[in-house]
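Below is start33.txt, holding compact mmCIF, C-alpha atoms and all ligand atoms.
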# COMPACT_ATOMS: atom_id res chain seq x y z
CA LEU A 14 0.00 0.00 0.00
CA ASP A 15 1.46 3.33 -1.08
CA ILE A 16 0.46 5.64 1.78
CA PRO A 17 1.11 9.36 1.35
CA SER A 18 1.87 11.06 4.63
CA ASN A 19 -0.42 14.11 4.51
CA TYR A 20 -4.14 14.02 5.20
CA ASP A 21 -7.00 16.32 6.03
CA VAL A 22 -8.00 14.10 8.95
CA ILE A 23 -6.39 11.11 10.67
CA ILE A 24 -8.58 8.87 12.80
CA ALA A 25 -6.72 7.16 15.62
CA GLY A 26 -8.83 4.10 16.44
CA ALA A 27 -11.16 2.80 13.72
CA GLY A 28 -13.75 0.96 15.81
CA SER A 29 -17.36 2.05 16.26
CA PHE A 30 -17.08 5.86 16.45
CA GLY A 31 -13.90 6.06 14.36
CA MET A 32 -15.08 3.90 11.46
CA SER A 33 -18.43 5.67 11.30
CA THR A 34 -16.70 9.07 11.20
CA GLY A 35 -14.22 7.82 8.59
CA TYR A 36 -17.10 6.66 6.41
CA GLN A 37 -18.83 10.05 6.65
CA LEU A 38 -15.63 11.98 5.96
CA ALA A 39 -14.70 9.86 2.95
CA LYS A 40 -18.23 10.20 1.60
CA ALA A 41 -17.84 13.99 1.86
CA GLY A 42 -14.63 13.81 -0.19
CA VAL A 43 -12.23 14.46 2.70
CA ARG A 44 -8.73 12.88 2.56
CA VAL A 45 -8.91 10.61 5.58
CA LEU A 46 -6.56 7.99 7.02
CA LEU A 47 -7.99 5.51 9.51
CA ILE A 48 -5.48 3.77 11.78
CA ASP A 49 -6.29 0.84 14.03
CA ALA A 50 -4.18 -1.33 16.31
CA ASN A 51 -6.37 -4.32 15.37
CA ASP A 52 -8.37 -5.30 12.26
CA PRO A 53 -11.92 -3.98 12.81
CA PRO A 54 -14.37 -5.43 13.54
CA HIS A 55 -12.49 -7.47 16.15
CA SER A 56 -12.86 -8.75 19.69
CA GLU A 57 -10.19 -6.65 21.44
CA GLY A 58 -12.31 -3.57 22.16
CA SER A 59 -15.90 -2.62 22.93
CA HIS A 60 -17.88 -3.59 19.82
CA HIS A 61 -17.87 -7.41 19.63
CA GLY A 62 -20.42 -9.97 20.82
CA THR A 63 -22.68 -9.53 17.74
CA THR A 64 -25.51 -7.40 19.17
CA ARG A 65 -26.22 -4.03 20.82
CA ILE A 66 -29.50 -2.60 22.11
CA VAL A 67 -30.78 0.47 20.28
CA ARG A 68 -33.49 2.60 21.91
CA CYS A 69 -34.40 6.25 22.25
CA ALA A 70 -35.93 6.49 25.75
CA TYR A 71 -33.14 7.82 27.94
CA THR A 72 -32.51 8.70 31.57
CA MET A 73 -29.58 11.01 30.77
CA GLY A 74 -31.37 14.00 29.31
CA ALA A 75 -32.73 15.46 26.08
CA SER A 76 -29.34 15.67 24.36
CA TYR A 77 -29.09 11.89 24.44
CA VAL A 78 -32.64 11.39 23.21
CA LYS A 79 -32.07 13.77 20.29
CA LEU A 80 -28.82 12.02 19.38
CA ALA A 81 -30.51 8.60 19.56
CA LEU A 82 -33.39 9.77 17.37
CA ARG A 83 -30.99 11.07 14.71
CA ALA A 84 -28.97 7.84 15.00
CA MET A 85 -32.11 5.80 14.39
CA GLU A 86 -32.79 7.72 11.14
CA LEU A 87 -29.21 7.10 10.03
CA TRP A 88 -29.38 3.36 10.89
CA LYS A 89 -32.35 3.06 8.56
CA GLU A 90 -30.49 4.99 5.83
CA LEU A 91 -27.47 2.73 6.28
CA GLU A 92 -29.69 -0.33 5.95
CA ASN A 93 -30.96 1.05 2.62
CA GLU A 94 -27.45 1.90 1.47
CA SER A 95 -26.24 -1.61 2.33
CA ALA A 96 -29.05 -3.18 0.29
CA SER A 97 -27.59 -1.59 -2.84
CA ILE A 98 -24.23 -3.31 -2.25
CA PRO A 99 -24.79 -7.02 -2.80
CA ASP A 100 -21.36 -8.20 -1.70
CA SER A 101 -20.97 -5.80 1.21
CA LEU A 102 -20.71 -8.43 3.93
CA GLU A 103 -18.34 -11.30 3.47
CA HIS A 104 -19.18 -13.08 6.70
CA GLY A 105 -22.32 -13.84 8.65
CA PRO A 106 -25.82 -12.42 8.30
CA ARG A 107 -26.07 -9.07 6.52
CA SER A 108 -28.54 -7.65 9.04
CA LEU A 109 -27.66 -4.32 10.54
CA TYR A 110 -30.78 -3.57 12.55
CA SER A 111 -33.89 -5.45 13.70
CA PRO A 112 -36.80 -3.65 15.40
CA ILE A 113 -37.57 -6.47 17.85
CA GLY A 114 -38.67 -4.03 20.60
CA VAL A 115 -36.98 -3.31 23.94
CA ILE A 116 -38.54 -3.76 27.37
CA SER A 117 -37.02 -1.82 30.29
CA ILE A 118 -38.05 -3.32 33.64
CA GLY A 119 -37.57 -1.62 37.01
CA PRO A 120 -39.24 -0.87 40.34
CA ILE A 121 -42.68 0.73 39.99
CA GLY A 122 -42.34 4.50 39.66
CA SER A 123 -38.53 4.37 39.85
CA LEU A 124 -36.41 7.07 38.21
CA PHE A 125 -35.25 4.37 35.77
CA ILE A 126 -38.82 3.89 34.46
CA GLN A 127 -40.09 7.41 35.09
CA SER A 128 -37.41 9.40 33.32
CA LYS A 129 -37.42 7.07 30.33
CA THR A 130 -41.20 7.49 30.12
CA GLU A 131 -40.86 11.28 30.31
CA SER A 132 -38.39 11.26 27.42
CA CYS A 133 -40.86 9.20 25.38
CA ILE A 134 -43.66 11.66 26.09
CA THR A 135 -41.53 14.74 25.35
CA PHE A 136 -40.21 13.39 22.06
CA GLY A 137 -43.27 11.43 20.88
CA ILE A 138 -41.49 8.06 21.09
CA PRO A 139 -44.00 5.18 20.88
CA HIS A 140 -44.09 3.43 24.27
CA GLN A 141 -46.25 1.48 26.65
CA ARG A 142 -46.13 1.10 30.47
CA ILE A 143 -46.85 -2.53 31.37
CA THR A 144 -47.55 -4.07 34.80
CA ALA A 145 -45.68 -7.14 36.04
CA ALA A 146 -48.77 -9.33 35.62
CA GLU A 147 -49.28 -8.12 32.03
CA LEU A 148 -45.59 -8.61 31.21
CA GLN A 149 -45.87 -12.30 31.98
CA VAL A 150 -48.96 -12.69 29.83
CA ILE A 151 -47.34 -10.96 26.84
CA TRP A 152 -43.93 -12.64 27.25
CA PRO A 153 -44.42 -15.89 29.23
CA GLY A 154 -40.66 -16.43 29.55
CA LEU A 155 -40.43 -13.49 31.99
CA SER A 156 -41.03 -13.74 35.74
CA ILE A 157 -41.32 -10.26 37.20
CA PRO A 158 -42.16 -9.46 40.86
CA HIS A 159 -45.30 -7.36 41.40
CA THR A 160 -43.13 -4.53 42.79
CA MET A 161 -41.72 -3.96 39.29
CA GLU A 162 -43.14 -2.71 35.98
CA GLY A 163 -42.04 -2.34 32.38
CA LEU A 164 -41.66 0.35 29.73
CA TYR A 165 -41.87 -1.07 26.22
CA GLU A 166 -40.44 0.70 23.16
CA SER A 167 -41.84 -1.04 20.11
CA GLU A 168 -39.60 0.69 17.55
CA ALA A 169 -36.41 -0.04 19.49
CA GLY A 170 -34.43 -3.20 18.92
CA VAL A 171 -31.08 -4.65 18.09
CA LEU A 172 -28.06 -3.45 16.10
CA TYR A 173 -25.60 -5.99 14.73
CA SER A 174 -22.48 -4.11 15.78
CA GLU A 175 -19.80 -6.12 14.00
CA ASN A 176 -21.78 -6.21 10.74
CA ILE A 177 -22.16 -2.45 10.99
CA ILE A 178 -18.44 -1.80 11.46
CA HIS A 179 -17.69 -4.18 8.62
CA LEU A 180 -20.07 -2.27 6.36
CA TYR A 181 -18.76 1.16 7.40
CA ARG A 182 -15.26 -0.08 6.64
CA GLU A 183 -16.21 -1.27 3.21
CA LEU A 184 -18.13 1.91 2.39
CA ALA A 185 -15.35 4.16 3.71
CA LEU A 186 -12.81 2.41 1.48
CA ARG A 187 -15.13 2.63 -1.53
CA HIS A 188 -15.44 6.36 -0.91
CA GLY A 189 -11.64 6.69 -0.93
CA ALA A 190 -10.62 6.46 2.74
CA GLU A 191 -7.30 4.77 3.51
CA LEU A 192 -7.01 2.29 6.35
CA LEU A 193 -3.99 0.96 8.21
CA VAL A 194 -4.76 -2.09 10.34
CA HIS A 195 -2.53 -3.74 12.94
CA THR A 196 -0.93 -0.33 13.37
CA LYS A 197 -0.69 1.28 16.76
CA VAL A 198 -0.88 5.04 17.18
CA LEU A 199 1.86 5.88 19.65
CA GLU A 200 1.79 9.65 19.94
CA ILE A 201 0.09 12.77 18.60
CA GLU A 202 2.04 16.00 18.50
CA GLN A 203 1.46 19.43 17.02
CA THR A 204 4.13 20.57 14.54
CA SER A 205 5.47 24.12 14.43
CA SER A 206 3.31 24.73 11.35
CA GLY A 207 0.17 23.81 13.31
CA ARG A 208 -0.38 20.41 11.68
CA GLN A 209 -0.78 17.20 13.67
CA LEU A 210 2.06 14.69 13.58
CA VAL A 211 0.86 11.15 14.29
CA ARG A 212 3.57 8.66 15.23
CA THR A 213 2.58 5.05 14.68
CA SER A 214 4.16 1.61 14.68
CA ALA A 215 4.20 1.93 10.86
CA GLY A 216 5.74 5.37 10.51
CA GLU A 217 4.71 9.02 10.80
CA PHE A 218 1.77 10.79 9.16
CA THR A 219 0.48 14.32 9.31
CA ALA A 220 -2.97 15.82 9.07
CA GLN A 221 -4.73 19.05 9.68
CA LYS A 222 -6.88 17.41 12.34
CA VAL A 223 -6.88 14.20 14.34
CA LEU A 224 -9.85 12.39 15.85
CA VAL A 225 -8.93 10.14 18.76
CA SER A 226 -11.44 7.30 19.05
CA GLY A 227 -9.43 4.59 20.76
CA GLY A 228 -12.33 3.35 22.91
CA ALA A 229 -11.23 1.76 26.18
CA TRP A 230 -7.56 2.50 25.41
CA SER A 231 -8.03 6.20 24.61
CA SER A 232 -5.93 7.37 27.57
CA GLN A 233 -2.90 5.74 25.97
CA LEU A 234 -3.32 8.19 23.11
CA LEU A 235 -4.33 11.16 25.23
CA PRO A 236 -2.71 10.89 28.68
CA GLU A 237 -5.03 13.65 29.97
CA LEU A 238 -7.86 11.07 29.80
CA ASN A 239 -6.05 8.84 32.30
CA ASN A 240 -8.48 9.41 35.15
CA ILE A 241 -11.46 9.89 32.85
CA ILE A 242 -11.75 6.82 30.61
CA HIS A 243 -11.39 3.51 32.46
CA PRO A 244 -11.35 0.16 30.65
CA ILE A 245 -13.62 -2.27 32.51
CA ARG A 246 -13.80 -6.02 31.88
CA LYS A 247 -17.35 -7.22 31.25
CA PRO A 248 -18.42 -10.86 31.08
CA ILE A 249 -21.29 -11.67 28.70
CA ALA A 250 -22.75 -15.09 27.98
CA TRP A 251 -25.15 -17.09 25.87
CA PHE A 252 -27.48 -19.67 27.46
CA GLU A 253 -29.70 -22.43 26.10
CA ALA A 254 -33.24 -21.08 25.79
CA PRO A 255 -36.46 -22.61 24.46
CA GLN A 256 -37.53 -20.73 21.29
CA ASP A 257 -41.21 -20.72 22.31
CA ARG A 258 -40.44 -18.37 25.23
CA TYR A 259 -37.01 -16.88 24.52
CA GLY A 260 -36.77 -16.73 20.74
CA ILE A 261 -37.18 -13.92 18.24
CA GLY A 262 -40.86 -12.91 18.32
CA THR A 263 -41.45 -14.37 21.80
CA LEU A 264 -39.19 -12.00 23.78
CA PRO A 265 -37.91 -8.48 23.02
CA ALA A 266 -34.45 -7.25 23.99
CA PHE A 267 -34.50 -6.40 27.70
CA ILE A 268 -32.94 -4.21 30.39
CA ILE A 269 -33.74 -5.15 33.99
CA ASN A 270 -32.83 -2.75 36.78
CA ASN A 271 -33.52 -4.10 40.27
CA GLY A 272 -33.59 -0.64 41.85
CA GLY A 273 -30.46 -1.39 43.82
CA ASP A 274 -27.08 -1.69 42.23
CA GLU A 275 -27.84 -4.38 39.67
CA GLU A 276 -28.76 -3.88 36.03
CA TYR A 277 -28.82 -6.59 33.39
CA PHE A 278 -29.34 -6.41 29.64
CA GLY A 279 -29.96 -9.10 27.09
CA PHE A 280 -31.41 -10.39 23.86
CA PRO A 281 -33.68 -13.27 22.89
CA ASP A 282 -32.13 -16.15 20.97
CA LEU A 283 -31.88 -14.44 17.57
CA ASP A 284 -30.04 -17.08 15.57
CA ASN A 285 -29.91 -20.30 17.60
CA SER A 286 -26.79 -19.14 19.43
CA GLY A 287 -28.73 -18.84 22.71
CA LEU A 288 -30.16 -16.06 24.88
CA LYS A 289 -27.47 -13.44 25.52
CA ILE A 290 -27.18 -11.65 28.87
CA GLY A 291 -24.70 -9.29 30.52
CA ARG A 292 -24.51 -7.13 33.62
CA HIS A 293 -24.25 -3.37 33.12
CA ASP A 294 -22.85 -2.32 36.51
CA GLY A 295 -19.75 -3.76 38.21
CA GLY A 296 -16.87 -5.43 36.37
CA GLN A 297 -13.12 -5.23 36.89
CA ILE A 298 -10.85 -2.30 35.94
CA VAL A 299 -8.27 -3.44 33.38
CA ILE A 300 -4.68 -2.26 33.51
CA PRO A 301 -3.29 -1.37 30.05
CA GLY A 302 -0.72 -3.88 28.89
CA GLN A 303 -2.00 -6.65 31.16
CA PRO A 304 -3.93 -9.60 29.67
CA ILE A 305 -7.70 -9.61 30.13
CA ALA A 306 -8.89 -12.65 32.08
CA PRO A 307 -11.12 -14.83 29.87
CA PHE A 308 -14.78 -15.54 30.70
CA GLY A 309 -14.98 -17.95 33.64
CA ALA A 310 -11.72 -16.76 35.24
CA PHE A 311 -13.87 -15.48 38.14
CA ASP A 312 -16.71 -17.57 39.65
CA GLU A 313 -19.02 -14.55 39.56
CA ASP A 314 -18.73 -14.31 35.75
CA GLU A 315 -21.38 -16.97 35.35
CA GLU A 316 -22.91 -16.87 38.85
CA GLU A 317 -24.20 -13.28 38.58
CA LEU A 318 -25.79 -13.88 35.19
CA ARG A 319 -27.29 -17.16 36.41
CA ARG A 320 -28.78 -15.37 39.42
CA ALA A 321 -30.51 -12.82 37.19
CA LEU A 322 -31.78 -15.55 34.86
CA ASP A 323 -33.18 -17.61 37.76
CA LEU A 324 -34.97 -14.54 39.10
CA PHE A 325 -36.34 -12.96 35.92
CA LEU A 326 -36.07 -15.51 33.06
CA PRO A 327 -36.38 -18.82 34.91
CA GLY A 328 -36.89 -21.09 31.89
CA VAL A 329 -33.41 -20.36 30.51
CA GLY A 330 -31.10 -23.39 30.53
CA GLY A 331 -27.37 -24.04 30.73
CA LEU A 332 -24.39 -21.97 29.62
CA ILE A 333 -23.42 -22.30 25.95
CA GLN A 334 -20.49 -19.88 25.87
CA GLY A 335 -19.12 -16.74 27.45
CA GLN A 336 -16.93 -13.85 26.32
CA THR A 337 -15.45 -10.73 27.82
CA CYS A 338 -15.79 -7.26 26.33
CA LEU A 339 -14.48 -3.87 27.47
CA TYR A 340 -16.52 -0.92 28.67
CA GLU A 341 -14.83 2.47 28.10
CA HIS A 342 -16.23 3.88 31.31
CA SER A 343 -16.42 7.66 31.79
CA PRO A 344 -17.62 9.79 34.73
CA GLY A 345 -21.42 9.47 34.94
CA GLU A 346 -21.29 7.20 31.85
CA ARG A 347 -21.27 10.40 29.78
CA LEU A 348 -20.45 10.40 26.11
CA LEU A 349 -17.47 12.68 25.56
CA LEU A 350 -17.40 14.36 22.17
CA GLY A 351 -15.57 17.42 20.93
CA GLN A 352 -12.25 19.22 20.90
CA VAL A 353 -9.64 18.15 23.42
CA PRO A 354 -9.01 21.14 25.72
CA GLY A 355 -5.53 22.58 25.25
CA ARG A 356 -4.85 20.68 22.01
CA SER A 357 -5.82 22.63 18.97
CA GLY A 358 -6.77 20.35 16.07
CA VAL A 359 -7.26 17.25 18.23
CA TRP A 360 -10.78 15.91 18.74
CA PHE A 361 -12.16 13.06 20.79
CA ALA A 362 -15.15 10.72 20.50
CA GLY A 363 -15.60 8.23 23.30
CA GLY A 364 -16.97 7.49 26.74
CA GLY A 365 -19.69 5.17 25.43
CA SER A 366 -19.62 3.38 28.82
CA GLY A 367 -21.62 0.33 27.81
CA HIS A 368 -24.43 2.28 26.13
CA GLY A 369 -22.71 4.18 23.31
CA PHE A 370 -23.05 1.98 20.26
CA LYS A 371 -26.60 3.06 19.42
CA PHE A 372 -25.28 6.62 18.82
CA THR A 373 -22.47 5.53 16.49
CA SER A 374 -24.16 6.58 13.25
CA ALA A 375 -25.06 10.05 14.56
CA ILE A 376 -21.66 10.55 16.20
CA GLY A 377 -19.98 9.81 12.86
CA GLU A 378 -22.18 12.34 11.11
CA ALA A 379 -21.71 15.10 13.71
CA MET A 380 -17.96 14.52 14.01
CA SER A 381 -17.39 14.59 10.28
CA ILE A 382 -19.28 17.87 9.90
CA ALA A 383 -17.56 19.41 12.94
CA LEU A 384 -14.11 18.38 11.70
CA THR A 385 -14.65 19.89 8.27
CA LYS A 386 -17.10 22.78 8.63
CA GLY A 387 -17.22 23.46 12.38
CA GLN A 388 -19.41 22.43 15.32
CA GLU A 389 -21.96 25.15 14.62
CA HIS A 390 -22.99 23.35 11.42
CA THR A 391 -24.35 20.36 13.38
CA SER A 392 -27.44 19.98 15.56
CA LEU A 393 -25.54 18.12 18.31
CA ASP A 394 -25.70 19.63 21.83
CA TRP A 395 -21.90 19.78 22.14
CA HIS A 396 -22.03 21.36 25.61
CA SER A 397 -23.69 18.19 26.99
CA PHE A 398 -20.77 16.08 25.84
CA THR A 399 -17.84 18.45 26.34
CA LEU A 400 -14.52 17.31 27.76
CA LYS A 401 -14.07 20.71 29.42
CA GLY A 402 -14.08 20.38 33.19
CA VAL A 403 -14.50 16.59 33.16
CA ASN A 404 -12.45 14.82 35.79
C1 LIG B 501 -20.57 -6.05 26.80
C2 LIG B 501 -20.97 -4.75 26.16
C3 LIG B 501 -22.30 -4.50 25.92
C4 LIG B 501 -22.71 -3.31 25.35
N1 LIG B 501 -24.03 -3.11 25.09
C5 LIG B 501 -24.43 -1.99 24.47
C6 LIG B 501 -25.79 -1.85 24.07
O1 LIG B 501 -26.61 -2.75 24.27
N2 LIG B 501 -26.15 -0.71 23.44
C7 LIG B 501 -25.26 0.28 23.16
O2 LIG B 501 -25.66 1.28 22.59
N3 LIG B 501 -23.95 0.17 23.51
C8 LIG B 501 -23.52 -0.94 24.15
N4 LIG B 501 -22.20 -1.11 24.49
C9 LIG B 501 -21.26 0.02 24.30
C10 LIG B 501 -20.73 0.18 22.92
O3 LIG B 501 -20.49 -1.05 22.29
C11 LIG B 501 -19.48 1.05 22.98
O4 LIG B 501 -19.79 2.26 23.67
C12 LIG B 501 -18.92 1.40 21.61
O5 LIG B 501 -18.70 0.24 20.85
C13 LIG B 501 -17.61 2.18 21.80
O6 LIG B 501 -17.09 2.54 20.55
P1 LIG B 501 -15.61 3.10 20.46
O7 LIG B 501 -15.42 3.51 19.07
O8 LIG B 501 -15.35 4.10 21.54
O9 LIG B 501 -14.69 1.83 20.83
P2 LIG B 501 -14.28 0.58 19.90
O10 LIG B 501 -15.37 0.18 19.01
O11 LIG B 501 -13.69 -0.43 20.81
O12 LIG B 501 -13.13 1.19 18.98
C14 LIG B 501 -11.89 1.62 19.49
C15 LIG B 501 -10.84 1.23 18.47
O13 LIG B 501 -9.61 1.87 18.80
C16 LIG B 501 -8.56 0.97 18.48
N5 LIG B 501 -7.38 1.42 19.24
C17 LIG B 501 -7.23 1.49 20.57
N6 LIG B 501 -6.01 1.98 20.88
C18 LIG B 501 -5.39 2.21 19.70
C19 LIG B 501 -4.09 2.72 19.35
N7 LIG B 501 -3.19 3.08 20.26
N8 LIG B 501 -3.80 2.83 18.04
C20 LIG B 501 -4.68 2.47 17.08
N9 LIG B 501 -5.91 1.98 17.37
C21 LIG B 501 -6.26 1.86 18.66
C22 LIG B 501 -9.10 -0.39 18.88
O14 LIG B 501 -8.44 -1.44 18.21
C23 LIG B 501 -10.56 -0.26 18.45
O15 LIG B 501 -10.77 -0.79 17.14
C24 LIG B 501 -21.75 -2.31 25.04
C25 LIG B 501 -20.39 -2.56 25.26
C26 LIG B 501 -20.00 -3.78 25.80
C27 LIG B 501 -18.53 -4.03 26.04
Written as structure tokens, that's how I'd like the structure from this file.
Amino acid sequence: LDIPSNYDVIIAGAGSFGMSTGYQLAKAGVRVLLIDANDPPHSEGSHHGTTRIVRCAYTMGASYVKLALRAMELWKELENESASIPDSLEHGPRSLYSPIGVISIGPIGSLFIQSKTESCITFGIPHQRITAAELQVIWPGLSIPHTMEGLYESEAGVLYSENIIHLYRELALRHGAELLVHTKVLEIEQTSSGRQLVRTSAGEFTAQKVLVSGGAWSSQLLPELNNIIHPIRKPIAWFEAPQDRYGIGTLPAFIINNGGDEEYFGFPDLDNSGLKIGRHDGGQIVIPGQPIAPFGAFDEDEEELRRALDLFLPGVGGLIQGQTCLYEHSPGERLLLGQVPGRSGVWFAGGGSGHGFKFTSAIGEAMSIALTKGQEHTSLDWHSFTLKGVN
């Protein structure tokens, strides 16, 4: 590959946010170089495990709801765009998005249920409040105590995260982006002429602007994020589940918050690989450079998930397989998007904290416009996601 060294934009980390931004930039005719330490999609970051929940009801404020609504429009556009490219996906199913519905379950009247409901009302998002007794009639695989209730979003569903990154990659390359895989970005420095010098394991490149989107490892690229973005090990697992209660059409994707410190998320058995479940809170902080313990290294990896299944989805059977994934945890689980304070020309997109994938399409769009025309040309509420003052 004959790589010139000067670009308009270099993207350091071509995973979810980076690949989506690279696609948008290339489509707009910008000279963009994407650099990734792995070969995306891959299982070394935060986007593997096949599926991600997409929904618009949010507890974190209007800025998140607006971003999710725009993302949903762009997911549908991407689905249409992918249909016109017959050989776009080499591996696996070509699905990008399935509106299988999402049920959020929590204590009656809890902030978890209440603030999601308010966001639905404010933004006209189709939704339904459902009592515990009704939940079990509609989805007989659930067992929900009478102290809890549900909020159902019928237009929400599942995104196939690896398929999406694969497609973004292919589209970005077709639109003229360049991509270096298995290449680590080591350092980003401003030159005396105001350009950005990016040192990598495969040489040096310069660009007018750099977007850092290194996910869980972002603080290795921007040391000022050291106490802001923490990589957290997350076990996820697939369990045997009868199709008549836990299959596609008989159970939506789910989020169950027990009102204390436990929150679980999962998906019905979508493709005979089993019902998938993970725990949103908890997990172990990972030290950069140290190996990540595989699923099952800690007894609680399976025990916690089993406990939730026994309580809320009691017909689910034995473990099929487990994996670990990384959360890129930020303070308050806030998305962090925008210019890096004190570094002119360097931008950041990250902090997805276990809920960021759904926004990927809209983040790519906003970032690409901001990097080329300026933040004021987007409708993103940048102040809600700013890195200024975050610690
Ligand atoms: C178990 C689990 C469940 C989740 N569930 C949901 C969900 O249901 N809904 C939802 O919306 N979100 C969910 N998320 C969150 C979502 O997947 C992430 O927020 C999102 O994928 C983060 O995207 P990213 O671009 O920041 O990171 P990534 O997609 O991991 O991309 C970062 C990229 O940077 C590269 N990189 C790192 N360091 C370097 C370097 N030095 N040089 C070059 N490249 C580098 C990596 O190789 C990687 O490709 C979940 C996450 C996990 C782990």
How many Å separate atom CA of A:Lys247 from atom CA of A:Leu283?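 It comes out at 21.2 Å.
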Might you pull out every residue within 9 Å of stretch 354-368 of chain A, with only C-alpha atoms counted and same-chain residues fewer than 3 positions away left off, and present them as a ChimeraX atom specification? /A:30-31,59,65-67,201,203,207-209,221-229,231,241-243,293,339-351,371-372,376,380,384,400-401
List every protein, DNA or RNA residue with an atom no more than 8 Å from (-30.5, 8.5, 22.7) in the file's coordinates, counting all atoms listed in the file, and format the result as a ChimeraX atom specification. /A:68-71,76-82,84,371-372
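Using only C-alpha atoms, the nearest neighbour of A:Glu200 within the list A:Ser214, A:Gly279, A:Arg187, A:Ile268 is A:Ser214.
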Separation of atom CA of A:Glu131 from atom CA of A:Leu318, in Å and rounded to one decimal: 29.7 Å
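Residues in contact with A:Leu155 at up to 8 Å, not including ones fewer than 4 positions away on its chain and judged by all atoms listed in the file, are Leu148, Gln149, Phe325, Leu326 and Pro327 of chain A.
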Report as a PDB file with C-alpha atoms, keeping the file's coordinate frame all protein, DNA and RNA residues lying within 8 Å of A:His179, evaluated on only C-alpha atoms, omitting residues in the same chain fewer than 4 positions from it.
ATOM      1  CA  PRO A  53     -11.920  -3.980  12.810  1.00  0.00           C
ATOM      2  CA  PRO A  54     -14.370  -5.430  13.540  1.00  0.00           C
ATOM      3  CA  LEU A 102     -20.710  -8.430   3.930  1.00  0.00           C
ATOM      4  CA  GLU A 175     -19.800  -6.120  14.000  1.00  0.00           C
ATOM      5  CA  GLU A 183     -16.210  -1.270   3.210  1.00  0.00           C
TER       6      GLU A 183
END
From the list A:Ser108, A:Ser167, A:Gln303, A:Ser33, which residue is nearest A:Phe267 when using all atoms listed in the file? A:Ser167
Would you list the residues near (-26.2, -17.4, 26.4), meaning any protein, DNA or RNA residue with an atom at most 6 Å from that point in file coordinates, counting all atoms listed in the file, as an NGL selection string? :A and (250-252 or 287-289 or 332-333)
Would you work out the distance separating atom CA of A:Glu162 from atom CA of A:Pro120, expressed in Å to one decimal?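 So the two atoms, atom CA of A:Glu162 and atom CA of A:Pro120, lie 6.1 Å apart.
Among the candidates A:Ile48, A:Asn285, A:Val299, A:Thr373, the one nearest to A:Leu91 when counting only C-alpha atoms is A:Thr373.
In this comparison, which uses all atoms listed in the file, the residue of A:Val171, A:Val194, A:Cys338, A:Ile151 approaching ligand LIG 501 (chain B) most closely is A:Cys338.
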Using all atoms listed in the file, which residues sit within 9 Å of stretch 304-306 of chain A once same-chain residues fewer than 4 positions away are excluded, as a PyMOL selection string? chain A and resi 246+299-300+310-311+337
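Among the candidate residues A:Ser397, A:Ser174, A:Thr160, A:Thr385, the one lying nearest to ligand LIG 501 (chain B) is A:Ser174, with distances computed using only C-alpha atoms and all ligand atoms.
Compared by their closest atoms to A:Ala169, and using all atoms listed in the file, the residues A:Gln127, A:Ser117, A:Ser205, A:Asn270 rank with A:Ser117 nearest.
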Using all atoms of stretch 303-315 of chain A that appear in the file, construct an axis-aligned enclosing box with 5 Å of padding on every side and provide its centre coordinates and edge lengths in Å, rounded to one decimal, as AutoDock Vina command-line options.
--center_x -11.7 --center_y -12.3 --center_z 34.7 --size_x 29.4 --size_y 21.3 --size_z 20.0
Write out N, CA, C and O atoms for stretch 124-130 of chain A, as an mmCIF file, keeping the file's coordinate frame.
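So result_5.cif came out as:
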data_model
loop_
_atom_site.group_PDB
_atom_site.id
_atom_site.type_symbol
_atom_site.label_atom_id
_atom_site.label_comp_id
_atom_site.auth_asym_id
_atom_site.auth_seq_id
_atom_site.Cartn_x
_atom_site.Cartn_y
_atom_site.Cartn_z
ATOM 1 N N LEU A 124 -36.977 6.091 39.137
ATOM 2 C CA LEU A 124 -36.410 7.070 38.210
ATOM 3 C C LEU A 124 -36.095 6.397 36.878
ATOM 4 O O LEU A 124 -36.291 6.974 35.802
ATOM 5 N N PHE A 125 -35.616 5.158 36.963
ATOM 6 C CA PHE A 125 -35.250 4.370 35.770
ATOM 7 C C PHE A 125 -36.436 4.297 34.792
ATOM 8 O O PHE A 125 -36.280 4.516 33.591
ATOM 9 N N ILE A 126 -37.630 4.010 35.323
ATOM 10 C CA ILE A 126 -38.820 3.890 34.460
ATOM 11 C C ILE A 126 -39.390 5.276 34.163
ATOM 12 O O ILE A 126 -39.744 5.605 33.037
ATOM 13 N N GLN A 127 -39.427 6.110 35.215
ATOM 14 C CA GLN A 127 -40.090 7.410 35.090
ATOM 15 C C GLN A 127 -39.392 8.336 34.097
ATOM 16 O O GLN A 127 -40.030 8.930 33.233
ATOM 17 N N SER A 128 -38.066 8.420 34.208
ATOM 18 C CA SER A 128 -37.410 9.400 33.320
ATOM 19 C C SER A 128 -37.362 8.897 31.884
ATOM 20 O O SER A 128 -37.412 9.695 30.944
ATOM 21 N N LYS A 129 -37.321 7.582 31.700
ATOM 22 C CA LYS A 129 -37.420 7.070 30.330
ATOM 23 C C LYS A 129 -38.796 7.390 29.754
ATOM 24 O O LYS A 129 -38.927 7.783 28.594
ATOM 25 N N THR A 130 -39.825 7.210 30.587
ATOM 26 C CA THR A 130 -41.200 7.490 30.120
ATOM 27 C C THR A 130 -41.333 8.963 29.742
ATOM 28 O O THR A 130 -41.907 9.305 28.695
#
